[in-house]
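Just run_11.txt here, compact mmCIF, C-alpha atoms:
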# COMPACT_ATOMS: atom_id res chain seq x y z
CA MET A 1 0.72 28.48 -51.77
CA TYR A 2 2.93 28.01 -54.81
CA ASP A 3 2.53 29.62 -58.20
CA THR A 4 3.87 26.81 -60.36
CA HIS A 5 3.76 28.40 -63.82
CA LEU A 6 5.75 31.58 -64.50
CA HIS A 7 7.68 33.02 -67.46
CA THR A 8 10.52 35.53 -67.31
CA LYS A 9 12.69 37.33 -69.82
CA PRO A 10 15.11 36.78 -71.40
CA PHE A 11 14.51 33.02 -71.21
CA SER A 12 10.86 32.93 -72.30
CA THR A 13 10.50 34.71 -75.63
CA ASP A 14 7.17 36.22 -74.58
CA GLY A 15 8.25 36.96 -71.00
CA GLU A 16 7.61 40.51 -69.84
CA MET A 17 9.13 40.40 -66.34
CA VAL A 18 12.63 39.84 -65.03
CA LEU A 19 13.51 37.63 -62.09
CA ALA A 20 13.91 40.61 -59.73
CA GLU A 21 10.24 41.52 -60.32
CA VAL A 22 9.11 37.97 -59.64
CA LEU A 23 11.10 37.85 -56.40
CA MET A 24 9.58 41.15 -55.33
CA ARG A 25 6.08 39.80 -55.97
CA LYS A 26 7.04 36.65 -54.09
CA GLU A 27 7.91 38.73 -51.02
CA GLU A 28 4.73 40.77 -51.33
CA THR A 29 2.46 37.73 -51.62
CA GLY A 30 4.30 35.13 -49.54
CA LEU A 31 4.09 32.65 -52.40
CA GLY A 32 6.51 29.94 -53.38
CA ILE A 33 7.32 30.09 -57.10
CA VAL A 34 8.32 27.78 -59.92
CA LEU A 35 9.91 29.33 -63.00
CA THR A 36 8.82 27.44 -66.11
CA GLU A 37 10.40 28.91 -69.23
CA HIS A 38 9.23 27.97 -72.71
CA MET A 39 11.02 25.29 -74.70
CA ASP A 40 8.91 24.61 -77.77
CA TYR A 41 10.96 22.90 -80.47
CA ASP A 42 9.85 23.33 -84.09
CA PHE A 43 7.19 25.87 -83.18
CA PRO A 44 5.35 27.20 -86.24
CA PRO A 45 7.34 30.12 -87.68
CA PRO A 46 7.97 32.95 -87.31
CA ALA A 47 7.72 32.48 -83.51
CA VAL A 48 10.62 30.90 -81.62
CA TYR A 49 10.23 29.64 -78.06
CA ALA A 50 13.59 28.34 -76.87
CA PHE A 51 16.31 29.17 -74.36
CA ASP A 52 19.85 28.20 -73.45
CA ALA A 53 19.56 25.81 -70.50
CA ASP A 54 23.17 26.40 -69.41
CA ASN A 55 22.58 30.14 -69.16
CA TYR A 56 19.26 29.57 -67.40
CA PHE A 57 20.79 27.49 -64.62
CA LYS A 58 23.83 29.71 -64.36
CA ALA A 59 21.69 32.82 -63.93
CA TYR A 60 19.00 31.42 -61.63
CA THR A 61 20.68 28.72 -59.53
CA PRO A 62 21.98 31.31 -57.00
CA TYR A 63 18.32 32.09 -56.20
CA ARG A 64 17.17 28.49 -56.09
CA SER A 65 15.67 27.33 -52.78
CA ASP A 66 12.71 25.44 -51.38
CA GLU A 67 10.58 28.43 -52.35
CA VAL A 68 12.20 29.28 -55.71
CA LEU A 69 12.23 26.28 -58.03
CA LEU A 70 13.50 25.91 -61.58
CA GLY A 71 11.28 24.22 -64.12
CA VAL A 72 10.44 24.24 -67.80
CA GLU A 73 7.32 24.22 -69.96
CA ILE A 74 7.88 22.03 -72.98
CA GLY A 75 5.72 22.07 -76.08
CA LEU A 76 4.44 18.60 -76.91
CA GLN A 77 4.54 17.68 -80.59
CA GLN A 78 4.99 14.27 -82.19
CA THR A 79 7.85 15.58 -84.33
CA VAL A 80 10.01 16.59 -81.36
CA ILE A 81 9.66 13.68 -78.93
CA ASP A 82 13.34 12.77 -79.08
CA LYS A 83 14.44 16.40 -78.73
CA ASN A 84 12.18 16.83 -75.71
CA LYS A 85 13.50 13.65 -74.07
CA LYS A 86 17.08 14.78 -74.54
CA PHE A 87 16.42 18.30 -73.26
CA VAL A 88 14.44 17.29 -70.18
CA GLY A 89 17.03 14.71 -69.21
CA SER A 90 19.96 17.06 -69.70
CA ARG A 91 19.37 19.37 -66.73
CA PRO A 92 18.21 19.05 -63.10
CA PHE A 93 14.77 20.61 -63.52
CA ASP A 94 12.47 20.61 -60.51
CA MET A 95 9.30 20.44 -62.57
CA VAL A 96 8.30 19.83 -66.19
CA ILE A 97 5.01 21.08 -67.60
CA GLY A 98 3.90 19.38 -70.81
CA SER A 99 1.70 21.62 -72.94
CA ILE A 100 0.01 21.68 -76.33
CA HIS A 101 0.60 25.05 -78.03
CA ALA A 102 0.50 23.94 -81.65
CA VAL A 103 -1.65 21.48 -83.61
CA CYS A 104 -1.35 20.40 -87.24
CA GLY A 105 1.67 22.67 -87.60
CA LYS A 106 -0.31 25.73 -86.58
CA ASP A 107 -0.05 28.04 -83.57
CA LEU A 108 -3.24 27.86 -81.47
CA TYR A 109 -3.01 31.64 -81.05
CA ASP A 110 -3.24 31.99 -84.86
CA LEU A 111 -6.69 32.42 -86.38
CA SER A 112 -5.63 30.27 -89.34
CA TYR A 113 -5.78 27.17 -87.14
CA TYR A 114 -9.51 27.61 -86.56
CA GLN A 115 -10.14 28.60 -90.17
CA SER A 116 -8.73 25.25 -91.29
CA PHE A 117 -11.69 23.43 -89.68
CA PRO A 118 -15.39 23.64 -90.54
CA ASP A 119 -16.50 24.23 -86.95
CA LYS A 120 -15.52 24.39 -83.27
CA LYS A 121 -16.19 20.69 -82.71
CA SER A 122 -13.67 19.53 -85.28
CA ALA A 123 -11.06 22.13 -84.23
CA TYR A 124 -11.30 21.10 -80.57
CA ASP A 125 -11.42 17.39 -81.42
CA ALA A 126 -8.11 17.75 -83.28
CA TYR A 127 -6.60 19.57 -80.30
CA LEU A 128 -7.68 16.90 -77.81
CA LYS A 129 -6.64 14.06 -80.14
CA THR A 130 -3.19 15.66 -80.40
CA MET A 131 -3.06 16.02 -76.63
CA TYR A 132 -3.82 12.33 -76.09
CA GLU A 133 -1.31 11.14 -78.69
CA ASN A 134 1.46 13.25 -77.24
CA ILE A 135 1.01 12.22 -73.61
CA ARG A 136 0.66 8.62 -74.77
CA ASP A 137 4.01 8.77 -76.55
CA PHE A 138 5.98 11.07 -74.24
CA ASP A 139 6.11 10.33 -70.53
CA ASP A 140 8.85 12.62 -69.19
CA PHE A 141 6.70 15.43 -67.80
CA ASP A 142 5.02 16.00 -64.46
CA THR A 143 1.84 17.94 -65.12
CA LEU A 144 -0.36 18.58 -68.15
CA GLY A 145 -0.44 22.32 -68.73
CA HIS A 146 -3.54 24.44 -69.29
CA MET A 147 -5.96 21.94 -70.80
CA ASP A 148 -8.21 24.87 -71.70
CA TYR A 149 -5.45 26.67 -73.62
CA ILE A 150 -7.40 26.43 -76.86
CA CYS A 151 -10.16 28.57 -75.36
CA ARG A 152 -7.94 31.65 -75.13
CA LYS A 153 -7.96 32.69 -78.78
CA ALA A 154 -10.71 30.56 -80.30
CA PRO A 155 -12.93 32.86 -82.43
CA TYR A 156 -16.25 31.31 -81.40
CA ASP A 157 -19.15 32.93 -79.55
CA ASP A 158 -18.71 30.18 -76.96
CA PRO A 159 -14.99 29.31 -76.81
CA PHE A 160 -15.14 27.25 -73.61
CA LEU A 161 -14.20 23.57 -73.36
CA HIS A 162 -17.44 21.91 -72.26
CA PHE A 163 -16.84 18.41 -70.94
CA GLU A 164 -20.13 16.97 -72.17
CA ASP A 165 -19.37 18.10 -75.72
CA PHE A 166 -15.95 16.41 -75.75
CA ARG A 167 -16.27 13.58 -73.24
CA GLU A 168 -15.08 10.94 -75.69
CA LYS A 169 -11.80 12.82 -76.22
CA ILE A 170 -11.24 14.12 -72.68
CA ASP A 171 -11.79 10.88 -70.76
CA PRO A 172 -8.90 9.01 -72.44
CA VAL A 173 -6.57 11.92 -71.61
CA PHE A 174 -7.59 11.86 -67.95
CA MET A 175 -7.38 8.08 -67.69
CA LEU A 176 -3.87 8.09 -69.13
CA LEU A 177 -2.72 10.87 -66.80
CA ALA A 178 -4.20 9.07 -63.80
CA GLU A 179 -2.70 5.73 -64.80
CA ARG A 180 0.75 7.31 -65.03
CA GLY A 181 0.45 9.33 -61.84
CA LYS A 182 0.61 12.68 -63.60
CA SER A 183 -0.90 15.90 -62.33
CA LEU A 184 -3.41 18.11 -64.10
CA GLU A 185 -2.70 21.83 -64.06
CA ILE A 186 -5.31 24.31 -62.90
CA ASN A 187 -4.18 27.30 -64.89
CA THR A 188 -5.75 30.54 -63.67
CA ARG A 189 -5.19 32.63 -66.80
CA LEU A 190 -8.92 32.51 -67.64
CA PHE A 191 -10.22 32.68 -64.08
CA GLY A 192 -11.53 36.20 -64.62
CA LYS A 193 -14.32 34.55 -66.61
CA LYS A 194 -16.93 32.70 -64.55
CA GLU A 195 -17.69 30.24 -67.32
CA ALA A 196 -14.03 29.23 -67.52
CA VAL A 197 -13.93 28.53 -63.79
CA LYS A 198 -17.16 26.53 -63.98
CA GLU A 199 -15.84 24.38 -66.81
CA MET A 200 -12.48 23.86 -65.11
CA GLU A 201 -14.25 22.60 -62.01
CA ILE A 202 -16.22 20.12 -64.11
CA LEU A 203 -12.98 18.92 -65.70
CA CYS A 204 -11.27 18.57 -62.33
CA ARG A 205 -14.15 16.59 -60.88
CA ARG A 206 -14.02 14.23 -63.85
CA PHE A 207 -10.24 13.85 -63.48
CA ALA A 208 -10.78 12.83 -59.86
CA GLN A 209 -13.55 10.40 -60.82
CA LEU A 210 -11.20 8.69 -63.28
CA GLY A 211 -8.46 8.26 -60.70
CA GLY A 212 -6.57 11.54 -60.83
CA LYS A 213 -5.05 12.51 -57.49
CA THR A 214 -3.03 15.70 -57.85
CA VAL A 215 -3.04 19.12 -59.46
CA THR A 216 -0.51 21.87 -59.92
CA ILE A 217 -1.76 25.43 -59.76
CA GLY A 218 -0.24 28.28 -61.69
CA SER A 219 -1.03 31.74 -62.95
CA ASP A 220 0.92 31.40 -66.22
CA ALA A 221 2.04 34.97 -65.58
CA HIS A 222 4.30 36.61 -68.14
CA GLY A 223 4.21 39.99 -66.36
CA ALA A 224 4.70 40.86 -62.69
CA ALA A 225 1.10 41.98 -62.16
CA GLY A 226 -0.14 38.48 -62.95
CA VAL A 227 1.96 36.56 -60.42
CA GLY A 228 -0.37 34.78 -58.00
CA ASN A 229 -3.59 35.83 -59.75
CA TYR A 230 -6.64 33.80 -58.62
CA LEU A 231 -4.48 31.20 -56.88
CA GLU A 232 -6.62 31.14 -53.76
CA ASN A 233 -9.71 30.48 -55.88
CA ALA A 234 -7.92 27.63 -57.64
CA TYR A 235 -6.76 26.02 -54.39
CA LYS A 236 -10.35 26.09 -53.13
CA LEU A 237 -11.54 24.56 -56.40
CA ALA A 238 -9.04 21.73 -56.03
CA ASP A 239 -10.28 21.06 -52.51
CA ARG A 240 -13.89 20.92 -53.66
CA CYS A 241 -12.92 18.34 -56.27
CA GLY A 242 -10.94 16.16 -53.86
CA LEU A 243 -7.63 16.81 -55.61
CA THR A 244 -4.35 17.49 -53.82
CA PRO A 245 -2.34 20.57 -54.87
CA VAL A 246 1.32 19.66 -55.28
CA VAL A 247 4.61 21.27 -56.21
CA TYR A 248 7.41 19.33 -57.86
CA LYS A 249 10.91 19.45 -56.40
CA GLU A 250 13.59 17.47 -58.18
CA ARG A 251 10.74 15.94 -60.21
CA LYS A 252 9.00 14.58 -57.13
CA ALA A 253 5.50 15.69 -56.14
CA GLN A 254 5.08 17.13 -52.68
CA ALA A 255 1.69 18.05 -51.26
CA ILE A 256 1.54 21.77 -50.57
CA ASP A 257 -0.06 21.33 -47.14
CA SER A 258 2.70 18.95 -46.05
CA LEU A 259 5.54 21.39 -46.70
If you took the structure in this file and wrote it as structure tokens, what would it be?
Amino acid sequence: MYDTHLHTKPFSTDGEMVLAEVLMRKEETGLGIVLTEHMDYDFPPPAVYAFDADNYFKAYTPYRSDEVLLGVEIGLQQTVIDKNKKFVGSRPFDMVIGSIHAVCGKDLYDLSYYQSFPDKKSAYDAYLKTMYENIRDFDDFDTLGHMDYICRKAPYDDPFLHFEDFREKIDPVFMLLAERGKSLEINTRLFGKKEAVKEMEILCRRFAQLGGKTVTIGSDAHGAAGVGNYLENAYKLADRCGLTPVVYKERKAQAIDSL
């Protein structure tokens, strides 16, 4: 198995583990790994999520192999499309995750985002509308990161992303991803919550129904203890939904079971 979503310091601002710790966990677990540091241009201040790509490749290329791949997680915002295109095309990344971390100029980890809407429905609608617009207008990524990201800090009694409540916003996202041959990420950060797993399976089944073929699977670990968390559960979920787990090497999808 591959853990295709990992953050290390000093390249990810919120990274809590160094490469040596990741490599140790790799040996302990037998996993392949993809490092995906944050590049989120114009992120709402005061946070800054950016790194020097030259230093990243200089530091990590000696460790690069079929089992240690170098990727990036880019923040998708309409205001930074050109910057993202230039950055992604400037370096030989193996894999590019496209993620929504900010909406309407607000950090989705900031309570003020949710307070700017009258209810959960409108806050989540804005998130999914932003997601669709960004993947419509920016094509240079491989997999859509953590679709349920908004659920992590949402201050509602029921924070989960229920497909039936947001079908009209989710279906266009899935159809566009499928049409363009993109993957959907199964992010295991919330897999300690049964409801999150249930809803992710519903989303994956719908993605497959609308023509989606592949998923990437990642822990989104920022600390060594999280590397590989719940990956086996996620691989089984993908199988139940008829989706093929892949890893990207040199921006090309390869089925995990064919490696």
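For the pair atom CA of A:Ile33 and atom CA of A:Tyr127, the separation is 29.0 Å.
Closest approach to A:Val88 among A:Gly212, A:His162, A:Val103, A:Asp139 is made by A:Asp139 (distances from only C-alpha atoms).
Straight-line separation from atom CA of A:Lys129 to atom CA of A:Thr188: 23.3 Å.
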Given the point (-13.7, 32.2, -67.4) in the file's coordinates, find the residues that have an atom at most 12 Å from it, counting all atoms listed in the file, and give them as a JSON list (two decimals) with C-alpha atoms, in the coordinates of the input.
[["chain", "number", "residue", "atom", "x", "y", "z"],
["A", 148, "ASP", "CA", -8.21, 24.87, -71.70],
["A", 149, "TYR", "CA", -5.45, 26.67, -73.62],
["A", 151, "CYS", "CA", -10.16, 28.57, -75.36],
["A", 152, "ARG", "CA", -7.94, 31.65, -75.13],
["A", 158, "ASP", "CA", -18.71, 30.18, -76.96],
["A", 159, "PRO", "CA", -14.99, 29.31, -76.81],
["A", 160, "PHE", "CA", -15.14, 27.25, -73.61],
["A", 161, "LEU", "CA", -14.20, 23.57, -73.36],
["A", 162, "HIS", "CA", -17.44, 21.91, -72.26],
["A", 187, "ASN", "CA", -4.18, 27.30, -64.89],
["A", 188, "THR", "CA", -5.75, 30.54, -63.67],
["A", 189, "ARG", "CA", -5.19, 32.63, -66.80],
["A", 190, "LEU", "CA", -8.92, 32.51, -67.64],
["A", 191, "PHE", "CA", -10.22, 32.68, -64.08],
["A", 192, "GLY", "CA", -11.53, 36.20, -64.62],
["A", 193, "LYS", "CA", -14.32, 34.55, -66.61],
["A", 194, "LYS", "CA", -16.93, 32.70, -64.55],
["A", 195, "GLU", "CA", -17.69, 30.24, -67.32],
["A", 196, "ALA", "CA", -14.03, 29.23, -67.52],
["A", 197, "VAL", "CA", -13.93, 28.53, -63.79],
["A", 198, "LYS", "CA", -17.16, 26.53, -63.98],
["A", 199, "GLU", "CA", -15.84, 24.38, -66.81],
["A", 200, "MET", "CA", -12.48, 23.86, -65.11],
["A", 201, "GLU", "CA", -14.25, 22.60, -62.01],
["A", 230, "TYR", "CA", -6.64, 33.80, -58.62]]
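Counting all atoms listed in the file, the residue from A:Ile135, A:Cys104, A:Val72, A:Ala221 that sits nearest to A:Ser116 is A:Cys104.
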field: atom CA of A:Glu21 to atom CA of A:Ala224, straight-line distance in Å
entry: 6.1 Å
message: List the spatial neighbours of A:Glu133 as a PyMOL selection string - criterion: any atom at most 9 Å away, all atoms listed in the file, same-chain residues fewer than 5 positions off excluded.
response: chain A and resi 77-78+128+138+173
- request: List the neighbours of A:Gln254 out to 12 Å using all atoms listed in the file; skip same-chain residues closer than 3 positions along the sequence, and give me the result as a PyMOL selection string.
  value: chain A and resi 2+66+94-95+142+183+214-216+244-251+257-259
- prompt: So which residues fall inside 6 Å of (1.6, 27.3, -64.7) if we count only C-alpha atoms? Mind giving them as a PyMOL selection string?
  reply: chain A and resi 4-6+187+218-220
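The smallest atom-to-atom distance between A:Lys85 and any of A:Tyr235, A:Tyr63, A:Gly242, A:Tyr41, using all atoms listed in the file, is found for A:Tyr41.
Between A:Thr8 and the candidates A:Lys83, A:Gly223, A:His146, A:Gln209, the tightest atom-to-atom separation, counting all atoms listed in the file, involves A:Gly223.
Nearest to A:Pro44 of all the residues A:Leu31, A:Val227, A:Leu184, A:Ala102 is A:Ala102, based on all atoms listed in the file.
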message: Using only C-alpha atoms, which protein or nucleic acid residues come within 10 Å of A:Leu19? Drop anything in the same chain fewer than 3 positions from it, and give the result as a PyMOL selection string.
response: chain A and resi 7-10+22-25+35+59-60+63+224
- prompt: Between A:Ala126, A:Leu111, A:Leu231, A:Leu176, which has the minimum distance to A:Ala154 (counting only C-alpha atoms)?
  reply: A:Leu111
task: List the neighbours of A:Val48 out to 12 Å using only C-alpha atoms; skip same-chain residues closer than 5 positions along the sequence, and give me the result as a list of chain:residue names.
output: A:Phe11, A:Ser12, A:Thr13, A:Asp14, A:His38, A:Met39, A:Asp40, A:Tyr41, A:Asp42, A:Phe43, A:Gly75, A:Asp107
Export of the given selection (C-alpha atoms) as an mmCIF file, in the coordinates of the input:
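Result file follows (part27.cif):
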data_model
loop_
_atom_site.group_PDB
_atom_site.id
_atom_site.type_symbol
_atom_site.label_atom_id
_atom_site.label_comp_id
_atom_site.auth_asym_id
_atom_site.auth_seq_id
_atom_site.Cartn_x
_atom_site.Cartn_y
_atom_site.Cartn_z
ATOM 1 C CA PHE A 11 14.510 33.020 -71.210
ATOM 2 C CA SER A 12 10.860 32.930 -72.300
ATOM 3 C CA THR A 13 10.500 34.710 -75.630
ATOM 4 C CA ASP A 14 7.170 36.220 -74.580
ATOM 5 C CA HIS A 38 9.230 27.970 -72.710
ATOM 6 C CA MET A 39 11.020 25.290 -74.700
ATOM 7 C CA ASP A 40 8.910 24.610 -77.770
ATOM 8 C CA TYR A 41 10.960 22.900 -80.470
ATOM 9 C CA ASP A 42 9.850 23.330 -84.090
ATOM 10 C CA PHE A 43 7.190 25.870 -83.180
ATOM 11 C CA GLY A 75 5.720 22.070 -76.080
ATOM 12 C CA ASP A 107 -0.050 28.040 -83.570
#
- prompt: Skipping near chain neighbours, those fewer than 4 positions away, what residues fall within 9 Å of A:Ser99 using only C-alpha atoms, listed as a PyMOL selection string?
  reply: chain A and resi 73-76+131+143-147+149
